[in-house]
$ cat target-v3.pdb   # PDB, C-alpha atoms
ATOM      1  CA  MET D   1      25.504  45.845 -38.026  1.00  0.00           C
ATOM      2  CA  TRP D   2      23.626  49.042 -38.697  1.00  0.00           C
ATOM      3  CA  GLY D   3      25.864  49.745 -41.681  1.00  0.00           C
ATOM      4  CA  THR D   4      25.546  46.259 -43.162  1.00  0.00           C
ATOM      5  CA  ALA D   5      21.761  46.396 -42.718  1.00  0.00           C
ATOM      6  CA  ARG D   6      21.701  49.257 -45.192  1.00  0.00           C
ATOM      7  CA  LEU D   7      23.626  47.300 -47.826  1.00  0.00           C
ATOM      8  CA  GLY D   8      21.201  44.509 -48.496  1.00  0.00           C
ATOM      9  CA  PRO D   9      17.513  43.937 -48.811  1.00  0.00           C
ATOM     10  CA  LEU D  10      15.409  44.196 -45.701  1.00  0.00           C
ATOM     11  CA  ILE D  11      13.250  41.394 -44.361  1.00  0.00           C
ATOM     12  CA  ASP D  12       9.630  42.381 -44.746  1.00  0.00           C
ATOM     13  CA  LEU D  13       8.202  42.101 -41.230  1.00  0.00           C
ATOM     14  CA  ALA D  14       5.310  44.003 -39.751  1.00  0.00           C
ATOM     15  CA  PRO D  15       6.795  46.657 -37.441  1.00  0.00           C
ATOM     16  CA  ALA D  16       4.876  45.404 -34.402  1.00  0.00           C
ATOM     17  CA  LEU D  17       6.074  41.830 -34.949  1.00  0.00           C
ATOM     18  CA  ARG D  18       9.656  42.931 -35.585  1.00  0.00           C
ATOM     19  CA  ILE D  19       9.736  44.997 -32.404  1.00  0.00           C
ATOM     20  CA  ALA D  20       8.046  42.278 -30.323  1.00  0.00           C
ATOM     21  CA  VAL D  21      10.503  39.603 -31.480  1.00  0.00           C
ATOM     22  CA  ALA D  22      13.482  41.910 -31.000  1.00  0.00           C
ATOM     23  CA  ALA D  23      12.285  42.805 -27.496  1.00  0.00           C
ATOM     24  CA  ALA D  24      11.699  39.163 -26.532  1.00  0.00           C
ATOM     25  CA  VAL D  25      15.154  38.145 -27.727  1.00  0.00           C
ATOM     26  CA  ALA D  26      16.716  41.140 -25.934  1.00  0.00           C
ATOM     27  CA  VAL D  27      14.949  40.319 -22.667  1.00  0.00           C
ATOM     28  CA  THR D  28      16.170  36.725 -22.952  1.00  0.00           C
ATOM     29  CA  GLY D  29      19.720  37.972 -23.548  1.00  0.00           C
ATOM     30  CA  VAL D  30      19.594  40.273 -20.542  1.00  0.00           C
ATOM     31  CA  ALA D  31      18.200  37.409 -18.430  1.00  0.00           C
ATOM     32  CA  PHE D  32      21.152  35.194 -19.395  1.00  0.00           C
ATOM     33  CA  ASN D  33      23.581  38.007 -18.539  1.00  0.00           C
ATOM     34  CA  ILE D  34      22.000  38.694 -15.149  1.00  0.00           C
ATOM     35  CA  ALA D  35      21.691  35.002 -14.272  1.00  0.00           C
ATOM     36  CA  GLY D  36      25.374  34.463 -15.049  1.00  0.00           C
ATOM     37  CA  MET D  37      26.480  37.458 -13.004  1.00  0.00           C
ATOM     38  CA  VAL D  38      24.272  36.529 -10.048  1.00  0.00           C
ATOM     39  CA  ALA D  39      25.610  32.958 -10.063  1.00  0.00           C
ATOM     40  CA  PHE D  40      29.186  34.249  -9.963  1.00  0.00           C
ATOM     41  CA  GLN D  41      28.376  36.727  -7.187  1.00  0.00           C
ATOM     42  CA  ARG D  42      26.695  34.005  -5.112  1.00  0.00           C
ATOM     43  CA  ALA D  43      29.750  31.798  -5.564  1.00  0.00           C
ATOM     44  CA  ARG D  44      31.969  34.780  -4.664  1.00  0.00           C
ATOM     45  CA  THR D  45      34.168  34.302  -7.677  1.00  0.00           C
ATOM     46  CA  THR D  46      35.492  36.800 -10.189  1.00  0.00           C
ATOM     47  CA  LEU D  47      33.327  38.243 -12.940  1.00  0.00           C
ATOM     48  CA  ASN D  48      36.388  39.391 -14.868  1.00  0.00           C
ATOM     49  CA  PRO D  49      36.776  37.192 -17.970  1.00  0.00           C
ATOM     50  CA  MET D  50      40.238  38.595 -18.616  1.00  0.00           C
ATOM     51  CA  ASN D  51      41.617  36.849 -15.514  1.00  0.00           C
ATOM     52  CA  PRO D  52      40.112  33.339 -15.356  1.00  0.00           C
ATOM     53  CA  GLU D  53      43.004  32.297 -13.117  1.00  0.00           C
ATOM     54  CA  LYS D  54      41.406  34.400 -10.351  1.00  0.00           C
ATOM     55  CA  ALA D  55      38.342  32.137 -10.309  1.00  0.00           C
ATOM     56  CA  SER D  56      37.897  30.721  -6.821  1.00  0.00           C
ATOM     57  CA  THR D  57      35.023  28.376  -7.628  1.00  0.00           C
ATOM     58  CA  LEU D  58      33.819  26.381 -10.597  1.00  0.00           C
ATOM     59  CA  VAL D  59      30.182  27.424 -11.028  1.00  0.00           C
ATOM     60  CA  THR D  60      28.132  24.620 -12.595  1.00  0.00           C
ATOM     61  CA  THR D  61      24.594  25.153 -11.313  1.00  0.00           C
ATOM     62  CA  GLY D  62      21.691  27.388 -12.286  1.00  0.00           C
ATOM     63  CA  VAL D  63      22.128  28.914 -15.718  1.00  0.00           C
ATOM     64  CA  TYR D  64      25.570  27.273 -15.848  1.00  0.00           C
ATOM     65  CA  GLY D  65      23.748  23.948 -16.122  1.00  0.00           C
ATOM     66  CA  ILE D  66      22.293  25.165 -19.443  1.00  0.00           C
ATOM     67  CA  THR D  67      25.371  26.784 -20.967  1.00  0.00           C
ATOM     68  CA  ARG D  68      28.986  27.171 -19.924  1.00  0.00           C
ATOM     69  CA  ASN D  69      28.926  30.797 -21.121  1.00  0.00           C
ATOM     70  CA  PRO D  70      25.637  32.465 -20.207  1.00  0.00           C
ATOM     71  CA  MET D  71      27.026  35.991 -20.355  1.00  0.00           C
ATOM     72  CA  TYR D  72      28.387  35.438 -23.859  1.00  0.00           C
ATOM     73  CA  VAL D  73      25.075  33.821 -24.849  1.00  0.00           C
ATOM     74  CA  GLY D  74      23.367  36.933 -23.507  1.00  0.00           C
ATOM     75  CA  GLY D  75      25.627  39.177 -25.567  1.00  0.00           C
ATOM     76  CA  ALA D  76      25.001  37.122 -28.690  1.00  0.00           C
ATOM     77  CA  LEU D  77      21.237  37.268 -28.102  1.00  0.00           C
ATOM     78  CA  LEU D  78      21.383  41.052 -27.741  1.00  0.00           C
ATOM     79  CA  LEU D  79      23.131  41.224 -31.109  1.00  0.00           C
ATOM     80  CA  VAL D  80      20.508  38.906 -32.640  1.00  0.00           C
ATOM     81  CA  SER D  81      17.844  41.186 -31.192  1.00  0.00           C
ATOM     82  CA  TRP D  82      19.461  44.193 -32.861  1.00  0.00           C
ATOM     83  CA  ALA D  83      19.643  42.311 -36.191  1.00  0.00           C
ATOM     84  CA  VAL D  84      15.938  41.450 -35.925  1.00  0.00           C
ATOM     85  CA  TYR D  85      15.136  45.066 -35.128  1.00  0.00           C
ATOM     86  CA  LEU D  86      17.117  46.140 -38.196  1.00  0.00           C
ATOM     87  CA  SER D  87      15.173  43.573 -40.288  1.00  0.00           C
ATOM     88  CA  SER D  88      18.327  42.572 -42.100  1.00  0.00           C
ATOM     89  CA  VAL D  89      19.837  39.231 -42.969  1.00  0.00           C
ATOM     90  CA  TRP D  90      23.187  40.981 -43.430  1.00  0.00           C
ATOM     91  CA  ALA D  91      23.036  42.291 -39.866  1.00  0.00           C
ATOM     92  CA  LEU D  92      23.029  38.669 -38.677  1.00  0.00           C
ATOM     93  CA  LEU D  93      26.724  38.656 -39.574  1.00  0.00           C
ATOM     94  CA  GLY D  94      27.246  40.666 -36.368  1.00  0.00           C
ATOM     95  CA  PRO D  95      26.201  37.894 -33.963  1.00  0.00           C
ATOM     96  CA  LEU D  96      27.964  35.278 -36.087  1.00  0.00           C
ATOM     97  CA  LEU D  97      31.238  37.217 -36.036  1.00  0.00           C
ATOM     98  CA  PHE D  98      30.820  37.830 -32.285  1.00  0.00           C
ATOM     99  CA  VAL D  99      30.423  34.086 -31.630  1.00  0.00           C
ATOM    100  CA  LEU D 100      33.458  33.220 -33.747  1.00  0.00           C
ATOM    101  CA  TYR D 101      35.592  35.973 -32.219  1.00  0.00           C
ATOM    102  CA  ILE D 102      34.636  35.377 -28.587  1.00  0.00           C
ATOM    103  CA  THR D 103      35.038  31.610 -28.933  1.00  0.00           C
ATOM    104  CA  LYS D 104      38.537  31.800 -30.374  1.00  0.00           C
ATOM    105  CA  LEU D 105      39.967  34.714 -28.415  1.00  0.00           C
ATOM    106  CA  GLN D 106      38.172  34.459 -25.078  1.00  0.00           C
ATOM    107  CA  ILE D 107      36.343  31.181 -24.439  1.00  0.00           C
ATOM    108  CA  LEU D 108      39.056  28.766 -25.562  1.00  0.00           C
ATOM    109  CA  PRO D 109      41.734  30.478 -23.412  1.00  0.00           C
ATOM    110  CA  GLU D 110      39.272  30.579 -20.479  1.00  0.00           C
ATOM    111  CA  GLU D 111      38.581  26.871 -20.874  1.00  0.00           C
ATOM    112  CA  ARG D 112      42.290  26.051 -20.898  1.00  0.00           C
ATOM    113  CA  ALA D 113      42.784  28.072 -17.706  1.00  0.00           C
ATOM    114  CA  LEU D 114      39.773  26.483 -15.991  1.00  0.00           C
ATOM    115  CA  SER D 115      40.895  23.001 -16.992  1.00  0.00           C
ATOM    116  CA  ALA D 116      44.334  23.688 -15.523  1.00  0.00           C
ATOM    117  CA  MET D 117      42.801  25.074 -12.319  1.00  0.00           C
ATOM    118  CA  PHE D 118      39.911  22.677 -11.718  1.00  0.00           C
ATOM    119  CA  GLY D 119      41.182  19.589 -13.555  1.00  0.00           C
ATOM    120  CA  SER D 120      38.782  16.685 -13.871  1.00  0.00           C
ATOM    121  CA  GLY D 121      35.965  18.734 -12.297  1.00  0.00           C
ATOM    122  CA  PHE D 122      36.023  21.172 -15.199  1.00  0.00           C
ATOM    123  CA  ASP D 123      36.583  18.406 -17.727  1.00  0.00           C
ATOM    124  CA  ALA D 124      33.471  16.554 -16.501  1.00  0.00           C
ATOM    125  CA  TYR D 125      31.471  19.802 -16.559  1.00  0.00           C
ATOM    126  CA  ARG D 126      32.695  20.568 -20.083  1.00  0.00           C
ATOM    127  CA  ASP D 127      31.586  17.120 -21.207  1.00  0.00           C
ATOM    128  CA  GLN D 128      28.084  17.580 -19.733  1.00  0.00           C
ATOM    129  CA  VAL D 129      27.203  21.196 -20.590  1.00  0.00           C
ATOM    130  CA  ARG D 130      27.359  22.797 -24.014  1.00  0.00           C
ATOM    131  CA  ARG D 131      29.563  25.801 -24.697  1.00  0.00           C
ATOM    132  CA  TRP D 132      26.704  27.831 -26.166  1.00  0.00           C
ATOM    133  CA  LEU D 133      23.166  26.418 -26.151  1.00  0.00           C
TER     134      LEU D 133
END

$ encode --input "target-v3.pdb" --output "structure tokens"
Amino acid sequence: MWGTARLGPLIDLAPALRIAVAAAVAVTGVAFNIAGMVAFQRARTTLNPMNPEKASTLVTTGVYGITRNPMYVGGALLLVSWAVYLSSVWALLGPLLFVLYITKLQILPEERALSAMFGSGFDAYRDQVRRWL
């Protein structure tokens, strides 16, 4: 993102505004990450996204009532924050590519595994709560 920010024109934002917006978006991203991790810890289920089959509980409350993927939302928001800080439209390709990549290579396989494990419970949850926001 830093490299692409140097390729194109910068967005003309006052430094104080740019930093304030970037900080607010970053804090929101961190909050989503922490809320997701805390919910998993309270449910005593795995935090490891590489092994969804080790999930012992389907977590659907708290931040998981807002988004099915709060930790990925948090990561995307941190990348948006960095793009805002860089003041570059081109840097926004970073969060976009992250969302596309993580959806195809991580979220879709996770959802298949959770559907196989939790059946209609996961299917009902998937129908009620959005994947992102």

$ resolve_selection --input "target-v3.pdb" --expression "the PyMOL selection byres ((chain D and resi 115-131) around 12)" --output "ChimeraX atom specification"
/D:52-73,99,102-103,107-114,132-133

$ closest_residue --input "target-v3.pdb" --among "D:Ser88, D:Ser81, D:Thr46, D:Gln41" --to "D:Trp2" --atoms "all atoms listed in the file"
D:Ser88

$ atom_distance --input "target-v3.pdb" --atom1 "atom CA of D:Ala91" --atom2 "atom CA of D:Val21"
15.3 Å

$ atom_distance --input "target-v3.pdb" --atom1 "atom CA of D:Ala22" --atom2 "atom CA of D:Trp82"
6.7 Å

$ residues_near_point --input "target-v3.pdb" --point "(20.7, 42.0, -27.1)" --cutoff "12 Å" --atoms "all atoms listed in the file" --output "ChimeraX atom specification"
/D:21-33,71-85,94-95

$ residues_around --input "target-v3.pdb" --residues "D:Gln106" --least-positions-apart "5" --cutoff "8 Å" --atoms "only C-alpha atoms" --output "list in words"
Pro49, Met50 and Tyr101 of chain D

$ atom_distance --input "target-v3.pdb" --atom1 "atom CA of D:Asn51" --atom2 "atom CA of D:Met37"
15.4 Å

$ axis_aligned_box --input "target-v3.pdb" --around "stretch 89-104 of chain D" --padding-each-side "4 Å" --output "JSON"
{"center_x": 29.2, "center_y": 37.0, "center_z": -36.0, "size_x": 26.7, "size_y": 18.7, "size_z": 22.8}

$ residues_around --input "target-v3.pdb" --residues "D:Leu86" --least-positions-apart "6" --cutoff "12 Å" --atoms "only C-alpha atoms" --output "PyMOL selection string"
chain D and resi 1-13+15+18-19+21-22+79-80+92+94
